[in-house]
>>> print(open('coords20.txt').read())   # compact mmCIF, C-alpha atoms and all ligand atoms
# COMPACT_ATOMS: atom_id res chain seq x y z
CA MET A 1 19.19 -1.05 25.52
CA SER A 2 19.23 -4.80 24.94
CA GLU A 3 22.53 -6.58 24.66
CA GLU A 4 23.53 -7.53 21.12
CA PRO A 5 23.85 -11.33 20.92
CA ALA A 6 27.52 -12.16 20.47
CA VAL A 7 26.81 -14.08 17.25
CA TYR A 8 26.28 -11.01 15.14
CA LYS A 9 28.58 -8.42 16.66
CA VAL A 10 30.02 -6.80 13.56
CA SER A 11 33.24 -6.16 15.41
CA ASP A 12 33.75 -9.92 15.29
CA ILE A 13 33.79 -9.91 11.50
CA HIS A 14 37.03 -8.71 10.00
CA HIS A 15 37.70 -8.64 6.30
CA GLN A 16 40.84 -6.58 6.21
CA THR A 17 41.90 -7.79 2.79
CA PHE A 18 39.02 -8.43 0.45
CA SER A 19 38.25 -12.05 -0.33
CA ALA A 20 35.01 -12.98 -2.09
CA GLU A 21 35.32 -16.56 -0.88
CA ARG A 22 35.47 -15.41 2.73
CA VAL A 23 32.70 -12.83 2.35
CA ARG A 24 30.35 -15.43 0.81
CA ARG A 25 30.30 -17.24 4.13
CA ASP A 26 28.41 -14.30 5.63
CA PHE A 27 25.49 -14.77 3.20
CA PRO A 28 23.54 -17.92 4.14
CA ILE A 29 21.23 -17.84 1.10
CA LEU A 30 24.12 -18.34 -1.31
CA HIS A 31 24.80 -21.84 0.00
CA GLN A 32 21.94 -23.78 -1.50
CA GLN A 33 21.09 -25.91 -4.51
CA VAL A 34 18.59 -24.56 -7.05
CA ASN A 35 17.15 -26.97 -9.59
CA GLY A 36 19.81 -29.48 -8.67
CA HIS A 37 22.75 -27.09 -9.06
CA PRO A 38 24.65 -24.89 -6.59
CA LEU A 39 23.05 -21.44 -6.79
CA VAL A 40 24.83 -18.77 -8.84
CA TYR A 41 23.09 -15.54 -7.85
CA LEU A 42 23.63 -12.90 -10.54
CA ASP A 43 20.54 -10.75 -9.95
CA ASN A 44 22.11 -8.27 -7.57
CA ALA A 45 20.79 -5.23 -9.43
CA ALA A 46 17.26 -6.45 -8.63
CA THR A 47 18.09 -7.03 -4.99
CA THR A 48 21.19 -7.91 -3.03
CA GLN A 49 21.38 -10.78 -0.58
CA LYS A 50 21.51 -10.19 3.17
CA PRO A 51 24.41 -11.10 5.43
CA GLU A 52 23.70 -13.11 8.57
CA CYS A 53 24.22 -10.03 10.77
CA VAL A 54 21.34 -8.19 9.01
CA ILE A 55 19.01 -11.17 9.40
CA GLN A 56 19.98 -11.43 13.06
CA ALA A 57 19.59 -7.71 13.73
CA ILE A 58 16.00 -7.83 12.44
CA SER A 59 15.23 -11.02 14.30
CA ASP A 60 16.79 -9.64 17.50
CA TYR A 61 14.70 -6.49 17.23
CA TYR A 62 11.48 -8.50 17.01
CA ARG A 63 12.59 -10.88 19.76
CA HIS A 64 13.69 -8.25 22.26
CA ASP A 65 12.78 -4.66 21.41
CA ASN A 66 9.65 -4.61 19.22
CA SER A 67 7.60 -1.54 20.02
CA ASN A 68 6.33 1.57 18.30
CA VAL A 69 8.76 4.48 18.14
CA HIS A 70 8.56 8.01 19.55
CA ARG A 71 5.26 7.29 21.31
CA GLY A 72 5.67 4.88 24.16
CA ALA A 73 6.30 5.67 27.80
CA HIS A 74 8.03 2.34 28.39
CA THR A 75 11.42 0.72 28.11
CA LEU A 76 10.83 -1.26 24.93
CA ALA A 77 9.58 1.87 23.13
CA ASP A 78 12.69 3.73 24.29
CA ARG A 79 14.94 0.95 23.00
CA ALA A 80 13.13 0.76 19.67
CA THR A 81 13.32 4.55 19.29
CA ALA A 82 17.03 4.62 20.14
CA LYS A 83 17.82 1.89 17.58
CA PHE A 84 15.58 3.46 14.94
CA GLU A 85 17.06 6.96 15.31
CA GLY A 86 20.53 5.45 15.62
CA ALA A 87 19.94 3.86 12.21
CA ARG A 88 19.13 7.28 10.76
CA THR A 89 22.46 8.59 12.08
CA THR A 90 24.23 5.55 10.59
CA VAL A 91 22.74 6.34 7.17
CA ALA A 92 23.65 10.05 7.50
CA THR A 93 27.27 9.11 8.26
CA PHE A 94 27.28 6.58 5.42
CA LEU A 95 26.19 9.26 2.91
CA ASN A 96 28.23 12.01 4.60
CA ALA A 97 25.03 14.01 5.04
CA PRO A 98 25.47 17.06 7.28
CA ALA A 99 22.69 16.02 9.69
CA ALA A 100 20.53 12.99 10.48
CA LYS A 101 17.36 15.09 10.05
CA GLN A 102 18.20 15.29 6.33
CA ILE A 103 17.64 11.54 6.05
CA LEU A 104 13.99 10.64 5.44
CA TRP A 105 12.71 7.07 5.60
CA THR A 106 10.56 5.99 2.68
CA ARG A 107 9.49 2.62 1.26
CA GLY A 108 12.20 2.61 -1.41
CA THR A 109 13.86 4.61 -4.16
CA THR A 110 10.51 4.76 -5.93
CA GLU A 111 8.78 6.41 -3.01
CA SER A 112 11.77 8.73 -2.40
CA ILE A 113 11.51 10.12 -5.93
CA ASN A 114 7.72 10.32 -5.72
CA LEU A 115 8.11 12.28 -2.49
CA VAL A 116 10.32 14.87 -4.20
CA ALA A 117 8.03 15.06 -7.23
CA MET A 118 4.92 15.47 -5.09
CA CYS A 119 6.27 17.72 -2.32
CA TRP A 120 8.85 19.84 -4.13
CA GLY A 121 7.26 19.58 -7.59
CA ARG A 122 3.73 20.37 -6.48
CA SER A 123 4.86 23.52 -4.68
CA GLN A 124 7.57 24.69 -7.09
CA LEU A 125 6.70 23.67 -10.66
CA HIS A 126 4.74 26.05 -12.87
CA PRO A 127 3.43 25.99 -16.46
CA GLY A 128 6.34 26.08 -18.90
CA ASP A 129 8.85 24.66 -16.40
CA ARG A 130 11.03 21.81 -17.61
CA VAL A 131 12.23 18.66 -15.88
CA LEU A 132 15.11 16.77 -17.52
CA VAL A 133 15.76 13.08 -17.00
CA SER A 134 18.15 10.86 -18.95
CA ALA A 135 16.79 8.51 -21.62
CA MET A 136 18.11 5.50 -19.68
CA GLU A 137 16.26 6.21 -16.42
CA HIS A 138 14.36 3.58 -14.50
CA HIS A 139 10.60 4.19 -14.74
CA SER A 140 10.60 5.40 -11.14
CA ASN A 141 12.70 8.39 -12.22
CA ILE A 142 10.42 9.16 -15.18
CA VAL A 143 6.80 8.50 -14.25
CA PRO A 144 6.58 10.55 -11.01
CA TRP A 145 7.90 13.53 -12.98
CA GLN A 146 5.38 12.93 -15.76
CA MET A 147 2.57 12.78 -13.20
CA ILE A 148 3.47 16.05 -11.49
CA ALA A 149 4.35 17.76 -14.78
CA ALA A 150 0.87 16.92 -16.14
CA GLU A 151 -0.67 18.41 -13.01
CA LYS A 152 1.42 21.59 -13.12
CA GLY A 153 1.66 22.23 -16.88
CA ALA A 154 5.39 21.47 -16.93
CA THR A 155 7.23 19.18 -19.36
CA VAL A 156 9.53 16.17 -18.92
CA GLU A 157 12.27 15.83 -21.50
CA ALA A 158 14.84 13.11 -22.11
CA ILE A 159 18.56 13.89 -22.10
CA PRO A 160 19.93 11.90 -25.08
CA VAL A 161 21.92 8.73 -24.47
CA ASP A 162 24.11 7.25 -27.22
CA SER A 163 24.37 3.69 -28.53
CA THR A 164 26.93 2.75 -25.85
CA GLY A 165 24.68 3.97 -23.03
CA THR A 166 26.58 7.21 -22.38
CA ILE A 167 24.75 10.46 -21.59
CA ASN A 168 25.39 13.12 -24.22
CA LEU A 169 26.64 15.98 -22.04
CA ALA A 170 26.88 18.40 -24.97
CA ALA A 171 23.19 17.77 -25.70
CA LEU A 172 22.39 18.29 -22.02
CA ASN A 173 24.28 21.56 -22.11
CA ASN A 174 22.18 22.71 -25.06
CA MET A 175 18.96 21.72 -23.30
CA LEU A 176 19.72 23.63 -20.11
CA ASP A 177 18.08 27.03 -19.78
CA SER A 178 16.39 29.05 -17.07
CA ASN A 179 13.12 27.10 -17.52
CA VAL A 180 14.79 23.89 -16.39
CA CYS A 181 13.91 23.43 -12.72
CA MET A 182 15.06 19.88 -12.08
CA VAL A 183 17.62 17.51 -13.57
CA ALA A 184 17.02 13.96 -12.31
CA VAL A 185 19.51 11.25 -13.25
CA GLY A 186 20.55 7.81 -12.14
CA HIS A 187 23.98 7.43 -10.59
CA VAL A 188 24.22 4.00 -12.27
CA SER A 189 21.86 2.63 -14.92
CA ASN A 190 20.19 -0.58 -13.78
CA ALA A 191 19.64 -1.74 -17.36
CA LEU A 192 23.05 -0.91 -18.85
CA GLY A 193 25.40 -0.47 -15.92
CA THR A 194 26.60 2.97 -17.04
CA ILE A 195 28.11 5.08 -14.26
CA ASN A 196 26.92 8.60 -14.97
CA PRO A 197 29.09 11.66 -14.25
CA VAL A 198 26.60 12.90 -11.69
CA ALA A 199 28.85 15.47 -9.98
CA GLN A 200 29.32 17.18 -13.35
CA ILE A 201 25.60 16.96 -14.15
CA VAL A 202 24.75 18.49 -10.76
CA GLN A 203 27.13 21.38 -11.48
CA MET A 204 25.60 21.90 -14.92
CA ALA A 205 22.08 21.93 -13.44
CA HIS A 206 23.07 24.40 -10.73
CA ALA A 207 24.65 26.70 -13.31
CA VAL A 208 21.17 27.45 -14.71
CA GLY A 209 19.51 27.55 -11.30
CA ALA A 210 18.00 24.05 -11.52
CA LEU A 211 18.03 21.45 -8.77
CA ALA A 212 19.53 17.99 -9.21
CA LEU A 213 18.22 14.68 -7.93
CA VAL A 214 20.39 11.57 -8.10
CA ASP A 215 18.78 8.12 -8.14
CA GLY A 216 21.41 6.14 -6.26
CA ALA A 217 19.59 2.78 -6.23
CA GLN A 218 22.31 1.05 -8.25
CA ALA A 219 25.32 2.91 -6.86
CA VAL A 220 25.27 2.51 -3.08
CA GLY A 221 25.92 -1.24 -3.21
CA HIS A 222 29.12 -0.72 -5.17
CA TRP A 223 30.99 2.15 -3.53
CA PRO A 224 30.60 4.73 -0.74
CA VAL A 225 28.66 7.84 -1.75
CA ASP A 226 29.34 11.37 -0.47
CA VAL A 227 26.29 13.59 -1.00
CA GLN A 228 28.19 16.74 0.00
CA ALA A 229 30.95 16.06 -2.52
CA LEU A 230 28.32 15.43 -5.21
CA ASP A 231 26.48 18.61 -4.11
CA CYS A 232 23.20 17.02 -5.24
CA ASP A 233 19.99 18.43 -3.84
CA PHE A 234 18.37 15.03 -3.35
CA TYR A 235 19.78 11.49 -3.27
CA ALA A 236 17.52 8.42 -3.23
CA PHE A 237 18.23 4.74 -2.61
CA SER A 238 16.62 1.48 -1.44
CA ALA A 239 17.85 -0.53 1.55
CA HIS A 240 17.37 -3.83 -0.27
CA LYS A 241 20.01 -2.96 -2.88
CA LEU A 242 22.46 -2.23 -0.05
CA PHE A 243 22.30 -5.70 1.58
CA GLY A 244 19.44 -4.53 3.82
CA PRO A 245 15.75 -5.47 3.90
CA THR A 246 13.02 -4.75 1.35
CA GLY A 247 10.33 -2.16 2.07
CA LEU A 248 12.65 0.62 3.21
CA GLY A 249 14.16 3.50 1.29
CA VAL A 250 16.11 6.64 1.99
CA LEU A 251 15.79 10.17 0.72
CA TYR A 252 18.57 12.63 1.50
CA GLY A 253 17.77 16.28 0.84
CA LYS A 254 19.43 19.64 1.36
CA LEU A 255 18.17 21.19 4.57
CA GLU A 256 16.69 24.40 3.18
CA LEU A 257 14.78 22.46 0.51
CA LEU A 258 13.35 19.93 2.95
CA GLU A 259 12.42 22.72 5.38
CA ALA A 260 10.54 24.58 2.63
CA MET A 261 8.74 21.57 1.13
CA PRO A 262 5.19 20.81 2.29
CA PRO A 263 4.45 17.20 3.27
CA TYR A 264 2.32 15.07 0.96
CA GLN A 265 1.05 12.43 3.36
CA GLY A 266 -0.89 13.34 6.49
CA GLY A 267 -1.37 11.29 9.63
CA GLY A 268 0.26 10.47 12.92
CA GLU A 269 3.84 11.51 13.69
CA MET A 270 4.06 14.16 10.96
CA ILE A 271 2.09 16.74 12.95
CA GLU A 272 2.94 19.26 15.64
CA SER A 273 -0.67 19.92 16.62
CA VAL A 274 -4.03 18.99 15.09
CA SER A 275 -7.31 20.83 15.46
CA PHE A 276 -10.30 21.41 13.21
CA ALA A 277 -9.24 25.04 13.08
CA GLY A 278 -5.95 24.03 11.46
CA THR A 279 -3.01 21.66 11.74
CA THR A 280 0.68 22.43 12.06
CA TYR A 281 3.44 20.09 10.96
CA ASN A 282 6.26 18.44 12.85
CA GLN A 283 9.91 19.32 12.35
CA LEU A 284 12.27 17.43 10.05
CA PRO A 285 12.50 14.58 9.35
CA TYR A 286 9.13 13.58 10.89
CA LYS A 287 7.15 16.03 8.72
CA PHE A 288 7.59 13.56 5.86
CA GLU A 289 7.11 10.36 7.86
CA ALA A 290 3.38 9.94 8.44
CA GLY A 291 2.37 6.74 10.23
CA THR A 292 4.34 3.95 11.85
CA PRO A 293 7.61 3.53 9.96
CA ASP A 294 9.51 0.37 9.03
CA ILE A 295 11.42 0.20 12.32
CA ALA A 296 12.88 -3.27 11.81
CA GLY A 297 13.87 -2.28 8.28
CA ALA A 298 15.84 0.72 9.49
CA ILE A 299 17.61 -1.42 12.08
CA GLY A 300 18.40 -3.99 9.39
CA LEU A 301 19.77 -1.32 7.08
CA ALA A 302 22.02 0.02 9.84
CA ALA A 303 23.32 -3.51 10.40
CA ALA A 304 24.05 -3.77 6.66
CA ILE A 305 25.96 -0.49 6.69
CA ASP A 306 27.90 -1.57 9.79
CA TYR A 307 28.72 -4.80 7.99
CA LEU A 308 30.01 -2.91 4.94
CA GLY A 309 32.17 -0.93 7.35
CA THR A 310 34.00 -4.15 8.20
CA LEU A 311 34.86 -4.84 4.55
CA ASP A 312 37.68 -3.53 2.42
CA ARG A 313 35.32 -1.67 0.09
CA VAL A 314 38.05 -0.58 -2.29
CA GLY A 315 39.06 -4.22 -2.61
CA ALA A 316 35.42 -5.21 -3.07
CA ALA A 317 34.91 -2.64 -5.84
CA LYS A 318 38.11 -3.80 -7.59
CA HIS A 319 36.89 -7.38 -7.39
CA GLU A 320 33.54 -6.43 -8.97
CA GLN A 321 35.33 -4.61 -11.78
CA ALA A 322 37.55 -7.65 -12.36
CA LEU A 323 34.43 -9.84 -12.56
CA LEU A 324 32.90 -7.46 -15.12
CA GLU A 325 36.05 -7.42 -17.26
CA TYR A 326 36.32 -11.21 -17.10
CA ALA A 327 32.65 -11.58 -18.09
CA GLN A 328 33.06 -9.07 -20.94
CA LYS A 329 36.01 -11.07 -22.28
CA LYS A 330 34.05 -14.30 -22.11
CA ALA A 331 31.05 -12.60 -23.78
CA ALA A 332 33.23 -11.50 -26.69
CA ALA A 333 33.98 -15.15 -27.43
CA VAL A 334 30.31 -16.21 -27.68
CA PRO A 335 29.06 -16.04 -31.28
CA GLY A 336 25.89 -13.97 -31.68
CA LEU A 337 26.15 -12.40 -28.21
CA ARG A 338 25.65 -8.63 -28.27
CA LEU A 339 26.35 -6.57 -25.19
CA VAL A 340 23.82 -3.82 -24.48
CA GLY A 341 25.53 -1.02 -22.59
CA THR A 342 29.21 -0.60 -23.39
CA ALA A 343 29.95 2.79 -21.81
CA ALA A 344 33.52 3.51 -20.73
CA HIS A 345 32.56 3.68 -17.04
CA LYS A 346 30.40 0.83 -15.90
CA ALA A 347 29.31 -0.85 -12.70
CA SER A 348 29.31 -4.66 -12.67
CA VAL A 349 26.21 -5.14 -14.83
CA LEU A 350 26.37 -7.27 -17.97
CA SER A 351 23.29 -6.79 -20.16
CA PHE A 352 23.19 -8.76 -23.39
CA ASN A 353 21.17 -10.49 -26.07
CA LEU A 354 21.85 -13.71 -27.91
CA GLU A 355 20.93 -13.58 -31.57
CA GLY A 356 17.66 -15.39 -32.35
CA VAL A 357 16.89 -16.06 -28.68
CA HIS A 358 14.23 -14.34 -26.58
CA PRO A 359 15.72 -13.09 -23.30
CA ALA A 360 12.94 -14.72 -21.25
CA ASP A 361 13.65 -18.16 -22.76
CA LEU A 362 17.33 -17.81 -22.03
CA GLY A 363 16.59 -16.72 -18.47
CA THR A 364 14.47 -19.82 -17.89
CA LEU A 365 17.16 -22.15 -19.21
CA LEU A 366 19.80 -20.46 -17.08
CA ASP A 367 17.57 -20.84 -14.01
CA GLN A 368 17.22 -24.55 -14.73
CA GLN A 369 21.00 -24.72 -14.37
CA GLY A 370 20.97 -22.81 -11.08
CA VAL A 371 21.97 -19.43 -12.55
CA ALA A 372 19.74 -16.52 -11.46
CA VAL A 373 19.63 -13.52 -13.82
CA ARG A 374 16.96 -10.98 -14.69
CA THR A 375 15.39 -10.68 -18.13
CA GLY A 376 13.11 -8.09 -19.71
CA ASN A 377 13.18 -4.32 -20.07
CA HIS A 378 14.35 -3.80 -16.47
CA CYS A 379 11.76 -1.02 -15.97
CA ALA A 380 13.73 1.07 -18.46
CA GLN A 381 11.46 0.78 -21.48
CA PRO A 382 12.45 4.06 -23.20
CA ILE A 383 16.10 3.03 -23.61
CA MET A 384 15.07 -0.47 -24.80
CA ASP A 385 12.76 1.17 -27.34
CA GLN A 386 15.61 3.45 -28.47
CA TYR A 387 17.78 0.37 -29.04
CA GLY A 388 14.90 -1.44 -30.80
CA ILE A 389 14.94 -4.42 -28.44
CA PRO A 390 12.25 -5.83 -26.12
CA GLY A 391 14.75 -6.33 -23.34
CA THR A 392 17.97 -8.04 -22.36
CA VAL A 393 19.37 -10.77 -20.17
CA ARG A 394 21.08 -9.06 -17.26
CA ALA A 395 23.76 -10.60 -15.07
CA SER A 396 24.63 -8.24 -12.25
CA PHE A 397 27.53 -8.99 -9.94
CA SER A 398 28.10 -8.17 -6.31
CA PHE A 399 31.29 -8.52 -4.30
CA TYR A 400 30.31 -12.00 -3.11
CA ASN A 401 30.31 -13.33 -6.67
CA THR A 402 33.34 -15.25 -7.89
CA PHE A 403 35.11 -15.94 -11.18
CA ASP A 404 33.66 -19.42 -10.89
CA ASP A 405 30.16 -17.84 -10.94
CA VAL A 406 31.08 -16.13 -14.23
CA ASP A 407 32.33 -19.44 -15.64
CA ARG A 408 29.08 -21.11 -14.55
CA LEU A 409 27.05 -18.36 -16.28
CA PHE A 410 28.84 -18.85 -19.58
CA ALA A 411 28.82 -22.65 -19.37
CA ALA A 412 25.05 -22.51 -18.75
CA LEU A 413 24.65 -20.03 -21.61
CA VAL A 414 26.46 -22.27 -24.10
CA LYS A 415 24.31 -25.21 -23.03
CA ALA A 416 21.08 -23.17 -23.23
CA ARG A 417 22.06 -21.98 -26.65
CA GLN A 418 22.12 -25.54 -27.98
CA PHE A 419 18.42 -25.86 -27.13
CA LEU A 420 17.38 -22.46 -28.40
CA VAL A 421 19.21 -21.65 -31.64
N1 LIG B 501 15.59 -1.73 -10.02
C1 LIG B 501 16.07 -3.84 -11.09
O1 LIG B 501 15.94 -5.05 -11.24
P1 LIG B 501 12.66 0.21 -5.68
O2 LIG B 501 11.83 -0.76 -6.43
O3 LIG B 501 11.87 1.41 -5.24
O4 LIG B 501 13.45 -0.41 -4.57
O5 LIG B 501 13.78 0.73 -6.71
C2 LIG B 501 13.40 1.30 -7.92
C3 LIG B 501 14.61 1.60 -8.76
C4 LIG B 501 14.92 2.91 -9.01
N2 LIG B 501 16.01 3.24 -9.71
C5 LIG B 501 16.84 2.31 -10.20
C6 LIG B 501 18.05 2.74 -10.95
C7 LIG B 501 16.58 0.97 -9.99
O6 LIG B 501 17.40 0.05 -10.47
C8 LIG B 501 15.42 0.59 -9.27
C9 LIG B 501 15.05 -0.85 -9.06
C10 LIG B 501 15.35 -3.16 -9.94
O7 LIG B 501 16.76 -3.18 -11.85
C11 LIG B 501 13.91 -3.52 -9.89
S1 LIG B 501 13.00 -2.90 -11.26
>>> encode(input="coords20.txt", output="structure tokens", more="lines below")
Ligand code: C6P
Amino acid sequence: MSEEPAVYKVSDIHHQTFSAERVRRDFPILHQQVNGHPLVYLDNAATTQKPECVIQAISDYYRHDNSNVHRGAHTLADRATAKFEGARTTVATFLNAPAAKQILWTRGTTESINLVAMCWGRSQLHPGDRVLVSAMEHHSNIVPWQMIAAEKGATVEAIPVDSTGTINLAALNNMLDSNVCMVAVGHVSNALGTINPVAQIVQMAHAVGALALVDGAQAVGHWPVDVQALDCDFYAFSAHKLFGPTGLGVLYGKLELLEAMPPYQGGGEMIESVSFAGTTYNQLPYKFEAGTPDIAGAIGLAAAIDYLGTLDRVGAAKHEQALLEYAQKKAAAVPGLRLVGTAAHKASVLSFNLEGVHPADLGTLLDQQGVAVRTGNHCAQPIMDQYGIPGTVRASFSFYNTFDDVDRLFAALVKARQFLV
């Protein structure tokens, strides 16, 4: 194994008591001017920024260890394989999964959900079966189900969501019957910020013999997740929303389900033996990992998780909630500002519209003042349609944001408003 350069040893970074100001120093990208203003990065639901140790872990891998995994008969290949499989164990520990082989690498949350739809759905769904998803899901937790349902003669139905962005559990209860095979819900809505009661939804699904998939894309960056406590059958997330690199995702699955599911991509690594008489598949997790994986990405994600391990995550979560409350108070004082997503339990996502202003125009004017937000339907068109709006402006906070960032957002908003209304 190569020596870790001293500069990024996570043991050197100690954040015993949470301080956003101190944590910000670990994220080089935050310290720049954009359009002549210090950057205020409030697009964390789209992707989180990467701490120096993640950037260095990836760079170090390419500088010292780059090789293909599982194949080589040489030292670099052994090092790469050890780091890559070590990263899988890091993710398993992070999610409290029973075993590392229950962690599959994918390209992102999107591919993780597609994998379940194609591998589990193709083998298990039958005509008349029902898949339930909430009305506020991201498209990646709707469309894969629609695709496989069309192929198998099943249906995809929306669990109602009310005007605050809260799932109607009574309606879900009425929808559940023995034809429901899968309930797939987001842990946190990317468009509204709602934190869904996923443990309860999993229990309700299991009570009628259905499986439950949780889309954790927007949850993992905010608090530690325990897949055994949730008892979900599948849990999906993307590394890039957890301070890791883009291009890598994770799918956790229960062992007996993963063992029983056929693979959906064929190629190298996923096989045990290949002949023209017939091919047999590799054991878990490799059965689902055809081709050369994103080795550097996995190493970067492990570095991100190690970094989070040095933080006071309870303190970080409290800080994010305080930012949200502060922003909500400031929003209430802006005439014509309407919050979209006002559920009782919310992650630090502030979605809103300003009367008479198109979200895209507002986003552009905020950017000109150095404030980065996302605008549009946030890949959650059904819930936008339900609310009769084309989209929203979304400011999403991470633990490295400050109260000053919130002040800058609202100062920029007031200024933008003068041009637009
Ligand atoms: N949401 C956002 O700005 P990928 O693209 O595969 O890494 O993640 C897809 C995805 C799935 N579920 C939820 C709840 C998500 O928020 C996302 C990605 C980004 O909100 C990009 S659309």
>>> residues_near_ligand(input="coords20.txt", ligand="ligand LIG 501 (chain B)", cutoff="10 Å", atoms="all atoms listed in the file", output="VMD selection string")
chain A and resid 43 to 47 106 to 114 136 to 142 185 to 193 214 to 219 236 to 241 246 to 250 373 to 380 394 396
>>> write_last_selection(input="coords20.txt", atoms="C-alpha atoms", output="compact mmCIF listing (two decimals), in the coordinates of the input")
# COMPACT_ATOMS: atom_id res chain seq x y z
CA ASP A 43 20.54 -10.75 -9.95
CA ASN A 44 22.11 -8.27 -7.57
CA ALA A 45 20.79 -5.23 -9.43
CA ALA A 46 17.26 -6.45 -8.63
CA THR A 47 18.09 -7.03 -4.99
CA THR A 106 10.56 5.99 2.68
CA ARG A 107 9.49 2.62 1.26
CA GLY A 108 12.20 2.61 -1.41
CA THR A 109 13.86 4.61 -4.16
CA THR A 110 10.51 4.76 -5.93
CA GLU A 111 8.78 6.41 -3.01
CA SER A 112 11.77 8.73 -2.40
CA ILE A 113 11.51 10.12 -5.93
CA ASN A 114 7.72 10.32 -5.72
CA MET A 136 18.11 5.50 -19.68
CA GLU A 137 16.26 6.21 -16.42
CA HIS A 138 14.36 3.58 -14.50
CA HIS A 139 10.60 4.19 -14.74
CA SER A 140 10.60 5.40 -11.14
CA ASN A 141 12.70 8.39 -12.22
CA ILE A 142 10.42 9.16 -15.18
CA VAL A 185 19.51 11.25 -13.25
CA GLY A 186 20.55 7.81 -12.14
CA HIS A 187 23.98 7.43 -10.59
CA VAL A 188 24.22 4.00 -12.27
CA SER A 189 21.86 2.63 -14.92
CA ASN A 190 20.19 -0.58 -13.78
CA ALA A 191 19.64 -1.74 -17.36
CA LEU A 192 23.05 -0.91 -18.85
CA GLY A 193 25.40 -0.47 -15.92
CA VAL A 214 20.39 11.57 -8.10
CA ASP A 215 18.78 8.12 -8.14
CA GLY A 216 21.41 6.14 -6.26
CA ALA A 217 19.59 2.78 -6.23
CA GLN A 218 22.31 1.05 -8.25
CA ALA A 219 25.32 2.91 -6.86
CA ALA A 236 17.52 8.42 -3.23
CA PHE A 237 18.23 4.74 -2.61
CA SER A 238 16.62 1.48 -1.44
CA ALA A 239 17.85 -0.53 1.55
CA HIS A 240 17.37 -3.83 -0.27
CA LYS A 241 20.01 -2.96 -2.88
CA THR A 246 13.02 -4.75 1.35
CA GLY A 247 10.33 -2.16 2.07
CA LEU A 248 12.65 0.62 3.21
CA GLY A 249 14.16 3.50 1.29
CA VAL A 250 16.11 6.64 1.99
CA VAL A 373 19.63 -13.52 -13.82
CA ARG A 374 16.96 -10.98 -14.69
CA THR A 375 15.39 -10.68 -18.13
CA GLY A 376 13.11 -8.09 -19.71
CA ASN A 377 13.18 -4.32 -20.07
CA HIS A 378 14.35 -3.80 -16.47
CA CYS A 379 11.76 -1.02 -15.97
CA ALA A 380 13.73 1.07 -18.46
CA ARG A 394 21.08 -9.06 -17.26
CA SER A 396 24.63 -8.24 -12.25
>>> closest_atom_pairs(input="coords20.txt", of="segment 286-404 of chain A", to="segment 257-271 of chain A", cutoff="8 Å", atoms="only C-alpha atoms", output="JSON lines")
{"residue": "A:Tyr286", "atom": "CA", "partner": "A:Met270", "partner_atom": "CA", "distance": 5.1}
{"residue": "A:Lys287", "atom": "CA", "partner": "A:Met270", "partner_atom": "CA", "distance": 4.3}
{"residue": "A:Phe288", "atom": "CA", "partner": "A:Pro263", "partner_atom": "CA", "distance": 5.5}
{"residue": "A:Glu289", "atom": "CA", "partner": "A:Met270", "partner_atom": "CA", "distance": 5.8}
{"residue": "A:Ala290", "atom": "CA", "partner": "A:Met270", "partner_atom": "CA", "distance": 5.0}
{"residue": "A:Gly291", "atom": "CA", "partner": "A:Gly268", "partner_atom": "CA", "distance": 5.1}
{"residue": "A:Thr292", "atom": "CA", "partner": "A:Gly268", "partner_atom": "CA", "distance": 7.8}
>>> write_last_selection(input="coords20.txt", atoms="C-alpha atoms", output="PDB file, in the coordinates of the input")
ATOM      1  CA  TYR A 286       9.130  13.580  10.890  1.00  0.00           C
ATOM      2  CA  LYS A 287       7.150  16.030   8.720  1.00  0.00           C
ATOM      3  CA  PHE A 288       7.590  13.560   5.860  1.00  0.00           C
ATOM      4  CA  GLU A 289       7.110  10.360   7.860  1.00  0.00           C
ATOM      5  CA  ALA A 290       3.380   9.940   8.440  1.00  0.00           C
ATOM      6  CA  GLY A 291       2.370   6.740  10.230  1.00  0.00           C
ATOM      7  CA  THR A 292       4.340   3.950  11.850  1.00  0.00           C
TER       8      THR A 292
END
>>> closest_residue(input="coords20.txt", among="A:Gly278, A:Gly370, A:Pro127, A:Pro382", to="Ala412 of chain A", atoms="all atoms listed in the file")
A:Gly370
>>> residues_around(input="coords20.txt", residues="Glu256 of chain A", least_positions_apart="6", cutoff="12 Å", atoms="all atoms listed in the file", output="VMD selection string")
chain A and resid 101 to 102 120 233 to 234 284
>>> atom_distance(input="coords20.txt", atom1="atom CA of Val334 of chain A", atom2="atom CA of Ala322 of chain A")
19.0 Å
>>> closest_residue(input="coords20.txt", among="A:Ala302, A:Ala100, A:Val406, A:Ile148", to="Ala57 of chain A", atoms="only C-alpha atoms")
A:Ala302
>>> atom_distance(input="coords20.txt", atom1="atom CA of Pro197 of chain A", atom2="atom CA of Tyr387 of chain A")
21.8 Å
>>> atom_distance(input="coords20.txt", atom1="atom CA of Asn168 of chain A", atom2="atom CA of Ile383 of chain A")
13.7 Å
>>> closest_residue(input="coords20.txt", among="A:Thr75, A:Thr392, A:Asn66, A:Thr93", to="Pro359 of chain A", atoms="all atoms listed in the file")
A:Thr392
>>> residues_around(input="coords20.txt", residues="Asp312 of chain A", least_positions_apart="3", cutoff="9 Å", atoms="only C-alpha atoms", output="PyMOL selection string")
chain A and resi 15-19+308-309+315-317
>>> write_last_selection(input="coords20.txt", atoms="C-alpha atoms", output="compact mmCIF listing (two decimals), in the frame of the given file")
# COMPACT_ATOMS: atom_id res chain seq x y z
CA HIS A 15 37.70 -8.64 6.30
CA GLN A 16 40.84 -6.58 6.21
CA THR A 17 41.90 -7.79 2.79
CA PHE A 18 39.02 -8.43 0.45
CA SER A 19 38.25 -12.05 -0.33
CA LEU A 308 30.01 -2.91 4.94
CA GLY A 309 32.17 -0.93 7.35
CA GLY A 315 39.06 -4.22 -2.61
CA ALA A 316 35.42 -5.21 -3.07
CA ALA A 317 34.91 -2.64 -5.84
